[in-house]
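Shown next: entry_30.pdb, given as PDB, C-alpha atoms.
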```pdb
MODEL        1
ATOM      1  CA  MET A1341      18.426 -18.454  16.656
ATOM      2  CA  ASN A1342      17.316 -17.730  20.194
ATOM      3  CA  ALA A1343      17.958 -14.585  22.221
ATOM      4  CA  GLN A1344      20.911 -15.923  24.201
ATOM      5  CA  GLU A1345      22.705 -17.151  21.078
ATOM      6  CA  LEU A1346      22.338 -13.715  19.503
ATOM      7  CA  ILE A1347      23.626 -11.920  22.593
ATOM      8  CA  ASN A1348      26.580 -14.316  22.975
ATOM      9  CA  GLN A1349      27.649 -13.881  19.353
ATOM     10  CA  TYR A1350      27.195 -10.113  19.497
ATOM     11  CA  THR A1351      29.232  -9.898  22.710
ATOM     12  CA  ALA A1352      31.954 -11.986  21.036
ATOM     13  CA  GLY A1353      32.274  -9.358  18.325
ATOM     14  CA  LYS A1354      29.873 -10.459  15.600
ATOM     15  CA  LYS A1355      27.696  -7.593  14.359
ATOM     16  CA  LYS A1356      26.095  -8.897  11.185
ATOM     17  CA  PHE A1357      22.899 -10.948  11.507
ATOM     18  CA  ASP A1358      21.219 -10.248   8.187
ATOM     19  CA  LYS A1359      18.052 -12.277   7.506
ATOM     20  CA  ALA A1360      18.199 -13.860  10.957
ATOM     21  CA  SER A1361      15.005 -15.544  12.193
ATOM     22  CA  LEU A1362      14.226 -14.035  15.584
ATOM     23  CA  VAL A1363      10.457 -14.377  15.727
ATOM     24  CA  GLY A1364       9.125 -13.762  19.229
ATOM     25  CA  VAL A1365      12.563 -13.458  20.904
ATOM     26  CA  ASN A1366      12.874 -11.664  24.227
ATOM     27  CA  LEU A1367      15.657  -9.072  24.200
ATOM     28  CA  ILE A1368      14.430  -6.741  26.924
ATOM     29  CA  GLY A1369      17.117  -4.195  27.830
ATOM     30  CA  ALA A1370      19.771  -5.846  25.662
ATOM     31  CA  ASP A1371      22.745  -3.772  24.471
ATOM     32  CA  LEU A1372      22.780  -4.238  20.683
ATOM     33  CA  ILE A1373      24.169  -0.871  19.609
ATOM     34  CA  GLY A1374      25.195  -0.878  15.956
ATOM     35  CA  ILE A1375      23.913  -4.396  15.259
ATOM     36  CA  ILE A1376      23.126  -5.304  11.641
ATOM     37  CA  LEU A1377      19.750  -7.008  11.228
ATOM     38  CA  ASN A1378      18.858  -6.141   7.659
ATOM     39  CA  GLU A1379      15.861  -8.192   6.431
ATOM     40  CA  ALA A1380      15.763 -10.028   9.761
ATOM     41  CA  ASN A1381      12.464 -11.444  11.015
ATOM     42  CA  LEU A1382      11.704  -9.950  14.428
ATOM     43  CA  GLN A1383       7.945 -10.280  14.277
ATOM     44  CA  SER A1384       6.318 -10.165  17.728
ATOM     45  CA  ALA A1385       9.745  -9.874  19.380
ATOM     46  CA  THR A1386      10.091  -8.104  22.737
ATOM     47  CA  LEU A1387      12.647  -5.304  22.499
ATOM     48  CA  ILE A1388      11.458  -3.150  25.366
ATOM     49  CA  PHE A1389      14.186  -0.682  26.468
ATOM     50  CA  THR A1390      16.615  -2.408  24.100
ATOM     51  CA  TYR A1391      19.630  -0.374  22.950
ATOM     52  CA  LEU A1392      19.533  -0.319  19.135
ATOM     53  CA  SER A1393      21.169   3.030  18.422
ATOM     54  CA  ARG A1394      22.763   3.107  14.946
ATOM     55  CA  ALA A1395      21.381  -0.381  14.289
ATOM     56  CA  GLN A1396      20.841  -1.502  10.691
ATOM     57  CA  LEU A1397      17.274  -2.811  10.362
ATOM     58  CA  GLU A1398      16.677  -2.156   6.688
ATOM     59  CA  LYS A1399      13.619  -4.039   5.412
ATOM     60  CA  ALA A1400      13.340  -5.905   8.704
ATOM     61  CA  ASN A1401      10.058  -7.528   9.752
ATOM     62  CA  LEU A1402       9.040  -5.796  12.967
ATOM     63  CA  ILE A1403       5.308  -6.445  12.765
ATOM     64  CA  ALA A1404       3.703  -6.335  16.231
ATOM     65  CA  THR A1405       7.147  -5.997  17.832
ATOM     66  CA  LYS A1406       7.289  -4.525  21.344
ATOM     67  CA  LEU A1407       9.723  -1.596  21.182
ATOM     68  CA  SER A1408       8.407   0.634  23.944
ATOM     69  CA  GLY A1409      11.221   2.675  25.441
ATOM     70  CA  ALA A1410      13.707   1.266  22.919
ATOM     71  CA  TYR A1411      16.700   3.391  21.896
ATOM     72  CA  LEU A1412      16.822   3.639  18.090
ATOM     73  CA  THR A1413      18.731   6.903  17.682
ATOM     74  CA  LYS A1414      20.077   7.204  14.124
ATOM     75  CA  ALA A1415      18.965   3.652  13.360
ATOM     76  CA  ASN A1416      18.424   2.625   9.745
ATOM     77  CA  LEU A1417      14.885   1.286   9.361
ATOM     78  CA  TYR A1418      14.526   1.975   5.665
ATOM     79  CA  GLY A1419      11.687  -0.099   4.231
ATOM     80  CA  ALA A1420      11.057  -1.913   7.524
ATOM     81  CA  ASN A1421       7.590  -3.174   8.453
ATOM     82  CA  LEU A1422       6.481  -1.859  11.855
ATOM     83  CA  HIS A1423       2.757  -2.454  11.373
ATOM     84  CA  SER A1424       1.004  -2.597  14.785
ATOM     85  CA  ALA A1425       4.340  -2.262  16.601
ATOM     86  CA  ASP A1426       4.422  -0.743  20.088
ATOM     87  CA  LEU A1427       6.884   2.172  20.091
ATOM     88  CA  HIS A1428       5.478   3.947  23.125
ATOM     89  CA  GLY A1429       8.197   6.284  24.390
ATOM     90  CA  ALA A1430      10.762   4.941  21.917
ATOM     91  CA  VAL A1431      13.675   7.192  20.924
ATOM     92  CA  LEU A1432      13.957   7.407  17.135
ATOM     93  CA  GLN A1433      15.776  10.706  16.927
ATOM     94  CA  GLY A1434      17.553  11.141  13.592
ATOM     95  CA  SER A1435      16.501   7.672  12.423
ATOM     96  CA  ASP A1436      15.936   6.704   8.793
ATOM     97  CA  LEU A1437      12.302   5.649   8.447
ATOM     98  CA  ARG A1438      11.904   6.192   4.720
ATOM     99  CA  ASN A1439       9.344   3.922   3.071
ATOM    100  CA  THR A1440       8.559   2.176   6.355
ATOM    101  CA  ILE A1441       5.165   0.722   7.175
ATOM    102  CA  ILE A1442       4.155   2.076  10.596
ATOM    103  CA  SER A1443       0.401   1.795  10.155
ATOM    104  CA  LEU A1444      -1.648   1.261  13.325
ATOM    105  CA  ALA A1445       1.550   1.498  15.391
ATOM    106  CA  ASN A1446       1.610   3.019  18.865
ATOM    107  CA  LEU A1447       4.037   5.974  18.932
ATOM    108  CA  LEU A1448       2.624   7.603  22.042
ATOM    109  CA  ASP A1449       5.203  10.075  23.438
ATOM    110  CA  ALA A1450       7.845   8.784  21.008
ATOM    111  CA  ASN A1451      10.848  10.956  20.110
ATOM    112  CA  LEU A1452      11.051  11.362  16.324
ATOM    113  CA  MET A1453      13.053  14.575  16.238
ATOM    114  CA  SER A1454      14.796  15.056  12.868
ATOM    115  CA  ALA A1455      13.663  11.601  11.714
ATOM    116  CA  ASP A1456      13.375  10.999   7.973
ATOM    117  CA  LEU A1457       9.819   9.773   7.361
ATOM    118  CA  ARG A1458       9.569  10.392   3.636
ATOM    119  CA  GLY A1459       7.358   7.757   2.075
ATOM    120  CA  ALA A1460       6.401   6.282   5.444
ATOM    121  CA  ASP A1461       2.908   4.825   5.914
ATOM    122  CA  LEU A1462       1.593   6.002   9.287
ATOM    123  CA  ALA A1463      -2.072   5.438   8.532
ATOM    124  CA  GLY A1464      -4.006   5.015  11.758
ATOM    125  CA  ALA A1465      -0.888   5.329  13.921
ATOM    126  CA  ASN A1466      -1.147   6.882  17.387
ATOM    127  CA  LEU A1467       1.338   9.764  17.686
ATOM    128  CA  THR A1468      -0.302  11.453  20.665
ATOM    129  CA  GLY A1469       2.286  13.543  22.500
ATOM    130  CA  ALA A1470       5.076  12.514  20.114
ATOM    131  CA  CYS A1471       7.936  14.903  19.358
ATOM    132  CA  LEU A1472       8.363  15.372  15.596
ATOM    133  CA  ARG A1473      10.441  18.549  15.611
ATOM    134  CA  GLY A1474      12.385  18.844  12.391
ATOM    135  CA  ALA A1475      11.026  15.539  11.025
ATOM    136  CA  ASN A1476      10.877  15.198   7.243
ATOM    137  CA  PHE A1477       7.707  13.907   5.537
ATOM    138  CA  ARG A1478       8.304  15.779   2.292
ATOM    139  CA  GLU A1479       7.112  14.319  -0.998
ATOM    140  CA  GLU A1480       9.786  14.619  -3.672
ATOM    141  CA  ARG A1481       8.926  13.849  -7.294
ATOM    142  CA  ARG A1482       6.547  11.113  -6.160
ATOM    143  CA  VAL A1483       9.501   9.006  -5.026
ATOM    144  CA  TYR A1484       8.463   9.464  -1.385
ATOM    145  CA  LYS A1485       4.851  10.096  -0.390
ATOM    146  CA  SER A1486       4.151   9.930   3.323
ATOM    147  CA  ASN A1487       0.756   8.607   4.387
ATOM    148  CA  LEU A1488      -0.590   9.660   7.785
ATOM    149  CA  ARG A1489      -4.257   9.233   6.925
ATOM    150  CA  GLY A1490      -6.299   8.841  10.088
ATOM    151  CA  ALA A1491      -3.249   9.098  12.357
ATOM    152  CA  ILE A1492      -3.561  10.604  15.835
ATOM    153  CA  LEU A1493      -1.125  13.435  16.593
ATOM    154  CA  TYR A1494      -3.049  14.948  19.496
ATOM    155  CA  LYS A1495      -0.796  17.436  21.331
ATOM    156  CA  ALA A1496       2.194  16.265  19.271
ATOM    157  CA  ASP A1497       5.203  18.591  18.978
ATOM    158  CA  VAL A1498       5.878  18.984  15.260
ATOM    159  CA  LEU A1499       7.788  22.289  15.304
ATOM    160  CA  GLY A1500       9.519  22.923  11.973
ATOM    161  CA  ALA A1501       8.612  19.539  10.450
ATOM    162  CA  ASN A1502       8.270  19.151   6.684
ATOM    163  CA  PHE A1503       4.960  17.590   5.551
ATOM    164  CA  LYS A1504       5.114  18.924   2.001
ATOM    165  CA  GLY A1505       2.771  16.858  -0.174
ATOM    166  CA  ALA A1506       1.989  14.394   2.649
ATOM    167  CA  ASN A1507      -1.358  12.619   3.066
ATOM    168  CA  LEU A1508      -2.811  13.892   6.348
ATOM    169  CA  ALA A1509      -6.477  13.337   5.529
ATOM    170  CA  LYS A1510      -8.639  12.873   8.632
ATOM    171  CA  VAL A1511      -5.611  13.200  10.931
ATOM    172  CA  ASN A1512      -6.171  14.305  14.524
ATOM    173  CA  LEU A1513      -3.807  17.237  15.158
ATOM    174  CA  ARG A1514      -5.805  18.875  17.929
ATOM    175  CA  GLU A1515      -3.655  21.130  20.127
ATOM    176  CA  ALA A1516      -0.515  20.053  18.263
ATOM    177  CA  ASN A1517       2.501  22.361  18.039
ATOM    178  CA  LEU A1518       2.871  22.935  14.286
ATOM    179  CA  ARG A1519       4.734  26.229  14.365
ATOM    180  CA  GLU A1520       6.673  26.959  11.200
ATOM    181  CA  VAL A1521       5.861  23.565   9.648
ATOM    182  CA  SER A1522       5.603  23.108   5.900
ATOM    183  CA  LEU A1523       2.250  21.677   4.833
ATOM    184  CA  SER A1524       2.497  22.973   1.287
ATOM    185  CA  GLY A1525       0.519  20.781  -1.068
ATOM    186  CA  ALA A1526      -0.495  18.463   1.778
ATOM    187  CA  ASP A1527      -3.845  16.672   1.805
ATOM    188  CA  LEU A1528      -5.602  17.651   5.052
ATOM    189  CA  ARG A1529      -9.180  16.971   4.002
ATOM    190  CA  GLY A1530     -11.350  16.296   7.032
ATOM    191  CA  ALA A1531      -8.434  16.717   9.454
ATOM    192  CA  ASP A1532      -8.928  18.195  12.920
ATOM    193  CA  LEU A1533      -6.466  20.996  13.721
ATOM    194  CA  SER A1534      -8.587  22.654  16.389
ATOM    195  CA  LYS A1535      -6.533  24.698  18.882
ATOM    196  CA  ALA A1536      -3.341  23.717  17.075
ATOM    197  CA  ASN A1537      -0.498  26.228  16.826
ATOM    198  CA  LEU A1538       0.332  26.845  13.161
ATOM    199  CA  LYS A1539       1.932  30.235  13.611
ATOM    200  CA  GLY A1540       4.189  30.981  10.655
ATOM    201  CA  ALA A1541       3.316  27.695   8.952
ATOM    202  CA  SER A1542       3.152  27.220   5.178
ATOM    203  CA  LEU A1543      -0.131  25.836   3.806
ATOM    204  CA  VAL A1544       0.413  26.957   0.234
ATOM    205  CA  ASP A1545      -1.641  24.825  -2.187
ATOM    206  CA  ALA A1546      -2.814  22.604   0.706
ATOM    207  CA  ASN A1547      -6.176  20.839   0.521
ATOM    208  CA  LEU A1548      -8.130  21.689   3.685
ATOM    209  CA  VAL A1549     -11.663  21.060   2.444
ATOM    210  CA  GLY A1550     -13.925  20.339   5.411
ATOM    211  CA  THR A1551     -11.056  20.705   7.881
ATOM    212  CA  LYS A1552     -11.634  21.741  11.506
ATOM    213  CA  LEU A1553      -9.576  24.801  12.421
ATOM    214  CA  ILE A1554     -11.594  25.912  15.431
ATOM    215  CA  ASP A1555      -9.614  28.346  17.635
ATOM    216  CA  THR A1556      -6.498  27.467  15.624
ATOM    217  CA  ASN A1557      -3.528  29.845  15.582
ATOM    218  CA  LEU A1558      -2.582  30.640  11.977
ATOM    219  CA  ALA A1559      -1.000  34.009  12.675
ATOM    220  CA  ASN A1560       1.492  34.992   9.956
ATOM    221  CA  ALA A1561       0.812  31.716   8.128
ATOM    222  CA  ARG A1562       1.072  31.459   4.338
ATOM    223  CA  VAL A1563      -2.185  30.051   2.973
ATOM    224  CA  ASN A1564      -1.919  31.031  -0.687
ATOM    225  CA  ARG A1565      -4.127  29.060  -3.085
ATOM    226  CA  ALA A1566      -5.224  26.690  -0.322
ATOM    227  CA  GLU A1567      -8.595  24.945  -0.547
ATOM    228  CA  LEU A1568     -10.628  25.747   2.585
ATOM    229  CA  LYS A1569     -14.092  25.174   1.195
ATOM    230  CA  GLU A1570     -16.616  24.583   3.996
ATOM    231  CA  ALA A1571     -13.837  24.518   6.604
ATOM    232  CA  GLN A1572     -14.844  25.044  10.241
ATOM    233  CA  MET A1573     -12.758  28.045  11.314
ATOM    234  CA  MET A1574     -14.696  29.585  14.188
ATOM    235  CA  GLY A1575     -12.427  31.754  16.324
ATOM    236  CA  VAL A1576      -9.398  31.116  14.098
ATOM    237  CA  ASN A1577      -6.451  33.505  14.424
ATOM    238  CA  LEU A1578      -5.265  34.655  10.992
ATOM    239  CA  GLN A1579      -3.567  37.884  12.049
ATOM    240  CA  GLY A1580      -1.007  38.912   9.467
ATOM    241  CA  ALA A1581      -1.683  35.825   7.342
ATOM    242  CA  ILE A1582      -1.088  35.775   3.582
ATOM    243  CA  MET A1583      -4.066  34.245   1.789
ATOM    244  CA  SER A1584      -3.856  35.205  -1.859
ATOM    245  CA  GLN A1585      -6.344  33.319  -4.100
ATOM    246  CA  THR A1586      -7.483  31.090  -1.254
ATOM    247  CA  ASN A1587     -10.824  29.279  -1.638
ATOM    248  CA  LEU A1588     -13.022  29.790   1.443
ATOM    249  CA  ILE A1589     -16.421  29.191  -0.152
ATOM    250  CA  GLY A1590     -18.966  28.296   2.533
ATOM    251  CA  ALA A1591     -16.353  28.380   5.312
ATOM    252  CA  ASP A1592     -17.459  29.123   8.889
ATOM    253  CA  LEU A1593     -15.320  32.042  10.095
ATOM    254  CA  ARG A1594     -17.498  33.351  12.880
ATOM    255  CA  ASN A1595     -15.479  35.440  15.372
ATOM    256  CA  ALA A1596     -12.308  34.929  13.316
ATOM    257  CA  ASP A1597      -9.429  37.371  13.813
ATOM    258  CA  MET A1598      -8.062  38.343  10.394
ATOM    259  CA  THR A1599      -6.573  41.717  11.250
ATOM    260  CA  ASN A1600      -3.688  43.032   9.137
ATOM    261  CA  ALA A1601      -3.991  40.038   6.810
ATOM    262  CA  SER A1602      -3.378  39.959   3.068
ATOM    263  CA  ILE A1603      -6.552  38.422   1.604
ATOM    264  CA  VAL A1604      -6.138  39.399  -2.047
ATOM    265  CA  ARG A1605      -8.457  37.744  -4.599
ATOM    266  CA  CYS A1606      -9.776  35.179  -2.121
ATOM    267  CA  ASP A1607     -13.248  33.661  -2.446
ATOM    268  CA  PHE A1608     -15.535  34.000   0.600
ATOM    269  CA  SER A1609     -18.741  33.333  -1.312
ATOM    270  CA  ARG A1610     -21.475  32.128   1.083
ATOM    271  CA  ALA A1611     -18.958  32.117   3.958
ATOM    272  CA  ASP A1612     -20.110  33.019   7.487
ATOM    273  CA  LEU A1613     -18.001  35.929   8.795
ATOM    274  CA  THR A1614     -20.346  36.947  11.602
ATOM    275  CA  ALA A1615     -18.485  39.142  14.114
ATOM    276  CA  ALA A1616     -15.186  38.480  12.341
ATOM    277  CA  ASN A1617     -12.444  41.090  12.701
ATOM    278  CA  LEU A1618     -10.825  42.016   9.377
ATOM    279  CA  SER A1619      -9.624  45.445  10.401
ATOM    280  CA  GLN A1620      -6.763  46.901   8.321
ATOM    281  CA  SER A1621      -6.661  43.880   6.012
ATOM    282  CA  ASP A1622      -6.177  43.956   2.252
ATOM    283  CA  LEU A1623      -9.264  42.467   0.579
ATOM    284  CA  THR A1624      -8.504  43.705  -2.931
ATOM    285  CA  GLY A1625     -10.443  41.787  -5.567
ATOM    286  CA  THR A1626     -11.956  39.434  -2.990
ATOM    287  CA  PHE A1627     -15.300  37.710  -3.568
ATOM    288  CA  LEU A1628     -17.759  38.205  -0.706
ATOM    289  CA  THR A1629     -20.827  37.223  -2.717
ATOM    290  CA  ARG A1630     -23.709  36.305  -0.390
ATOM    291  CA  ALA A1631     -21.302  36.161   2.556
ATOM    292  CA  ASN A1632     -22.665  36.793   6.043
ATOM    293  CA  LEU A1633     -20.752  39.799   7.420
ATOM    294  CA  MET A1634     -23.187  40.670  10.202
ATOM    295  CA  ASN A1635     -21.434  42.701  12.930
ATOM    296  CA  ALA A1636     -18.035  42.154  11.262
ATOM    297  CA  ASN A1637     -15.262  44.720  11.691
ATOM    298  CA  LEU A1638     -14.113  45.950   8.281
ATOM    299  CA  SER A1639     -12.612  49.211   9.493
ATOM    300  CA  TYR A1640      -9.760  50.533   7.356
ATOM    301  CA  VAL A1641      -9.835  47.534   5.016
ATOM    302  CA  ASP A1642      -9.123  47.804   1.299
ATOM    303  CA  LEU A1643     -12.107  46.458  -0.648
ATOM    304  CA  THR A1644     -11.002  47.777  -4.035
ATOM    305  CA  GLN A1645     -12.709  45.767  -6.796
ATOM    306  CA  ALA A1646     -14.213  43.384  -4.237
ATOM    307  CA  ASP A1647     -17.534  41.710  -5.113
ATOM    308  CA  MET A1648     -19.971  42.149  -2.227
ATOM    309  CA  SER A1649     -23.186  41.413  -4.091
ATOM    310  CA  GLY A1650     -25.842  39.828  -1.906
ATOM    311  CA  ALA A1651     -23.685  40.028   1.239
ATOM    312  CA  ASN A1652     -25.359  40.523   4.636
ATOM    313  CA  MET A1653     -23.904  43.859   5.802
ATOM    314  CA  ARG A1654     -26.070  44.388   8.867
ATOM    315  CA  GLY A1655     -24.065  45.983  11.681
ATOM    316  CA  VAL A1656     -20.793  46.003   9.707
ATOM    317  CA  ASN A1657     -18.140  48.524  10.776
ATOM    318  CA  LEU A1658     -16.795  50.149   7.585
ATOM    319  CA  GLU A1659     -15.053  53.125   9.184
ATOM    320  CA  GLY A1660     -12.164  54.287   6.993
ATOM    321  CA  ALA A1661     -12.679  51.412   4.559
ATOM    322  CA  THR A1662     -11.783  51.745   0.882
ATOM    323  CA  MET A1663     -14.909  50.609  -0.924
ATOM    324  CA  PRO A1664     -15.080  48.513  -4.138
ATOM    325  CA  ASP A1665     -15.413  51.652  -6.272
ATOM    326  CA  GLY A1666     -12.288  53.200  -4.716
ATOM    327  CA  SER A1667     -14.122  55.670  -2.485
ATOM    328  CA  VAL A1668     -13.198  55.923   1.193
ATOM    329  CA  ASN A1669     -15.892  55.511   3.808
ATOM    330  CA  ASP A1670     -14.966  58.231   6.301
ATOM    331  CA  TYR A1671     -17.815  58.115   8.750
TER     332      TYR A1671
ENDMDL
END
```
Now that the file is in, can you turn its structure into structure tokens?
Amino acid sequence: MNAQELINQYTAGKKKFDKASLVGVNLIGADLIGIILNEANLQSATLIFTYLSRAQLEKANLIATKLSGAYLTKANLYGANLHSADLHGAVLQGSDLRNTIISLANLLDANLMSADLRGADLAGANLTGACLRGANFREERRVYKSNLRGAILYKADVLGANFKGANLAKVNLREANLREVSLSGADLRGADLSKANLKGASLVDANLVGTKLIDTNLANARVNRAELKEAQMMGVNLQGAIMSQTNLIGADLRNADMTNASIVRCDFSRADLTAANLSQSDLTGTFLTRANLMNANLSYVDLTQADMSGANMRGVNLEGATMPDGSVNDY
């Protein structure tokens, strides 16, 4: 079937084109709202600025398809293959993208607000500047496991999105807006979240080993039981954060702001906390073994039962601090 035949039949009232062969067709700007193309073959088709809102494209072949600027609001793309597709500026708001293959696709500045991306494979995709507010990547009982490994989300807007259990290893999230997102149990090993805004985010049980969090805003974030071993966290903002039983062994926290944080039973062994500000934080039962605390501000902190053996305490401010033995340093 060629493009004109499809348009003529659609205009005449036909909506169902399941399993149609439309390889390489040119449908630029066509009005195909609500069309049914389940399992259709649209590989390498040109659908630039095409109107496909509420379209049914379940398990469709959209490999290398040109969809830049296309309107796919509330479209059903469940199980579709969009590998290497060009979705630059496409509108996918509220669309069903569960179990889709979107690897190496271009989603630059795409609108994915409230899209369902559970189980989607976005490995190596470019999501620079994309809007992912309210998008759902949540893993549920291993039925859906989203893969964004190596994806680029530079300056993406991901406010309130759900990445619970998602694979975000080596993802570029520099300067992204991740306020109030759920990254609980997510795999973020080797990811770059430098200068990202994660205020109020949940990173409970997340794997952040070797992650870059340089100048990242994690104020009021929940980081309980997260793995941050050897993470690069210079200048990170952890004001008011909750970090119970978090592993920060060997992490670089120079100049970090951790004021008024709850850091109970965390492990900072061999971590670099040079010039870090931990004033008024709760460090009860925390391990600071061989940590570098040179010139750190520990004024009015609670260090009850903390292990500070071998720590570098040169220039540390301990005014008003409750020491490991329960005594108060009142100088």
Expand the PyMOL selection byres ((chain A and resi 1368) around 12) into the individual residues it matches in the shown file, reporting them as a VMD selection string.
-> chain A and resid 1343 to 1344 1347 1364 to 1367 1369 to 1372 1385 to 1392 1405 to 1411
Contact check, range 1485-1557 of chain A to range 1459-1472 of chain A, at most 10 Å, counting only C-alpha atoms, closest pairs as JSON lines:
```
{"residue": "A:Lys1485", "atom": "CA", "partner": "A:Gly1459", "partner_atom": "CA", "distance": 4.2}
{"residue": "A:Ser1486", "atom": "CA", "partner": "A:Gly1459", "partner_atom": "CA", "distance": 4.1}
{"residue": "A:Asn1487", "atom": "CA", "partner": "A:Asp1461", "partner_atom": "CA", "distance": 4.6}
{"residue": "A:Leu1488", "atom": "CA", "partner": "A:Leu1462", "partner_atom": "CA", "distance": 4.5}
{"residue": "A:Arg1489", "atom": "CA", "partner": "A:Ala1463", "partner_atom": "CA", "distance": 4.7}
{"residue": "A:Gly1490", "atom": "CA", "partner": "A:Gly1464", "partner_atom": "CA", "distance": 4.8}
{"residue": "A:Ala1491", "atom": "CA", "partner": "A:Gly1464", "partner_atom": "CA", "distance": 4.2}
{"residue": "A:Ile1492", "atom": "CA", "partner": "A:Asn1466", "partner_atom": "CA", "distance": 4.7}
{"residue": "A:Leu1493", "atom": "CA", "partner": "A:Leu1467", "partner_atom": "CA", "distance": 4.6}
{"residue": "A:Tyr1494", "atom": "CA", "partner": "A:Thr1468", "partner_atom": "CA", "distance": 4.6}
{"residue": "A:Lys1495", "atom": "CA", "partner": "A:Gly1469", "partner_atom": "CA", "distance": 5.1}
{"residue": "A:Ala1496", "atom": "CA", "partner": "A:Gly1469", "partner_atom": "CA", "distance": 4.2}
{"residue": "A:Asp1497", "atom": "CA", "partner": "A:Cys1471", "partner_atom": "CA", "distance": 4.6}
{"residue": "A:Val1498", "atom": "CA", "partner": "A:Leu1472", "partner_atom": "CA", "distance": 4.4}
{"residue": "A:Leu1499", "atom": "CA", "partner": "A:Leu1472", "partner_atom": "CA", "distance": 6.9}
{"residue": "A:Gly1500", "atom": "CA", "partner": "A:Leu1472", "partner_atom": "CA", "distance": 8.5}
{"residue": "A:Ala1501", "atom": "CA", "partner": "A:Leu1472", "partner_atom": "CA", "distance": 6.6}
{"residue": "A:Asn1502", "atom": "CA", "partner": "A:Leu1472", "partner_atom": "CA", "distance": 9.7}
{"residue": "A:Ala1506", "atom": "CA", "partner": "A:Gly1459", "partner_atom": "CA", "distance": 8.6}
{"residue": "A:Asn1507", "atom": "CA", "partner": "A:Ala1463", "partner_atom": "CA", "distance": 9.1}
{"residue": "A:Leu1508", "atom": "CA", "partner": "A:Ala1463", "partner_atom": "CA", "distance": 8.8}
{"residue": "A:Ala1509", "atom": "CA", "partner": "A:Ala1463", "partner_atom": "CA", "distance": 9.5}
{"residue": "A:Lys1510", "atom": "CA", "partner": "A:Gly1464", "partner_atom": "CA", "distance": 9.6}
{"residue": "A:Val1511", "atom": "CA", "partner": "A:Gly1464", "partner_atom": "CA", "distance": 8.4}
{"residue": "A:Asn1512", "atom": "CA", "partner": "A:Thr1468", "partner_atom": "CA", "distance": 9.0}
{"residue": "A:Leu1513", "atom": "CA", "partner": "A:Thr1468", "partner_atom": "CA", "distance": 8.7}
{"residue": "A:Arg1514", "atom": "CA", "partner": "A:Thr1468", "partner_atom": "CA", "distance": 9.6}
{"residue": "A:Glu1515", "atom": "CA", "partner": "A:Gly1469", "partner_atom": "CA", "distance": 9.9}
{"residue": "A:Ala1516", "atom": "CA", "partner": "A:Gly1469", "partner_atom": "CA", "distance": 8.3}
{"residue": "A:Asn1517", "atom": "CA", "partner": "A:Cys1471", "partner_atom": "CA", "distance": 9.3}
{"residue": "A:Leu1518", "atom": "CA", "partner": "A:Leu1472", "partner_atom": "CA", "distance": 9.4}
```
Given the file shown, enumerate the residues that the PyMOL selection byres ((chain A and resi 1419-1426) around 7) captures and present them as a count of residues only.
-> 26
What separates CA of Lys1535 in chain A and CA of Val1549 in chain A is a distance of 17.6 Å
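For the residues A:Arg1605, A:Lys1552, A:Arg1594, A:Arg1394, ranking by smallest atom-to-atom distance to Arg1565 in chain A using all atoms listed in the file places A:Arg1605 first.
Going from CA of Lys1569 in chain A to CA of Ser1621 in chain A covers 20.7 Å.
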CA of Cys1606 in chain A to CA of Gln1620 in chain A, straight-line distance in Å = 16.0 Å
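You can rank A:Ile1589, A:Glu1659, A:Ala1601, A:Val1544 by their closest distance to Leu1628 in chain A using all atoms listed in the file, and at the top of that list sits A:Ile1589.
Under the PyMOL selection byres ((chain A and resi 1643) around 6), the matching residues in the shown file are A:Leu1623, A:Thr1624, A:Asp1642, A:Thr1644, A:Ala1646, A:Thr1662, A:Met1663, A:Pro1664.
Around Asn1617 in chain A, within 9 Å and counting only C-alpha atoms, the residues found are Asn1595, Ala1596, Asp1597, Met1598, Thr1599, Ala1636, Asn1637, Leu1638 and Ser1639 of chain A, once anything fewer than 5 positions away on its own chain is removed.
Between Gly1655 in chain A and the candidates A:Gln1585, A:Thr1626, A:Ser1609, A:Thr1614, the tightest atom-to-atom separation, counting all atoms listed in the file, involves A:Thr1614.
Distance check against Asp1622 in chain A using all atoms listed in the file: of A:Asn1635, A:Lys1356, A:Val1641, A:Phe1608, the minimum falls on A:Val1641.
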Find the residues near Thr1413 in chain A: any atom within 7 Å, counting all atoms listed in the file, skip ones fewer than 6 places away on the same chain, and give them as a ChimeraX atom specification.
-> /A:1393-1394,1431-1435
Which residues, protein or nucleic acid, reach to within 9 Å of (-18.8, 26.2, 13.0) in the file's coordinates when using all atoms listed in the file, and can you give that as a ChimeraX atom specification?
-> /A:1552,1554,1571-1574,1591-1594,1612
Using all atoms of range 1514-1525 of chain A listed in the file and a margin of 3 Å per side, can you give the axis-aligned box centre and edge lengths in Å to one decimal, as JSON?
```
{"center_x": 0.4, "center_y": 22.9, "center_z": 9.5, "size_x": 18.5, "size_y": 14.1, "size_z": 27.2}
```
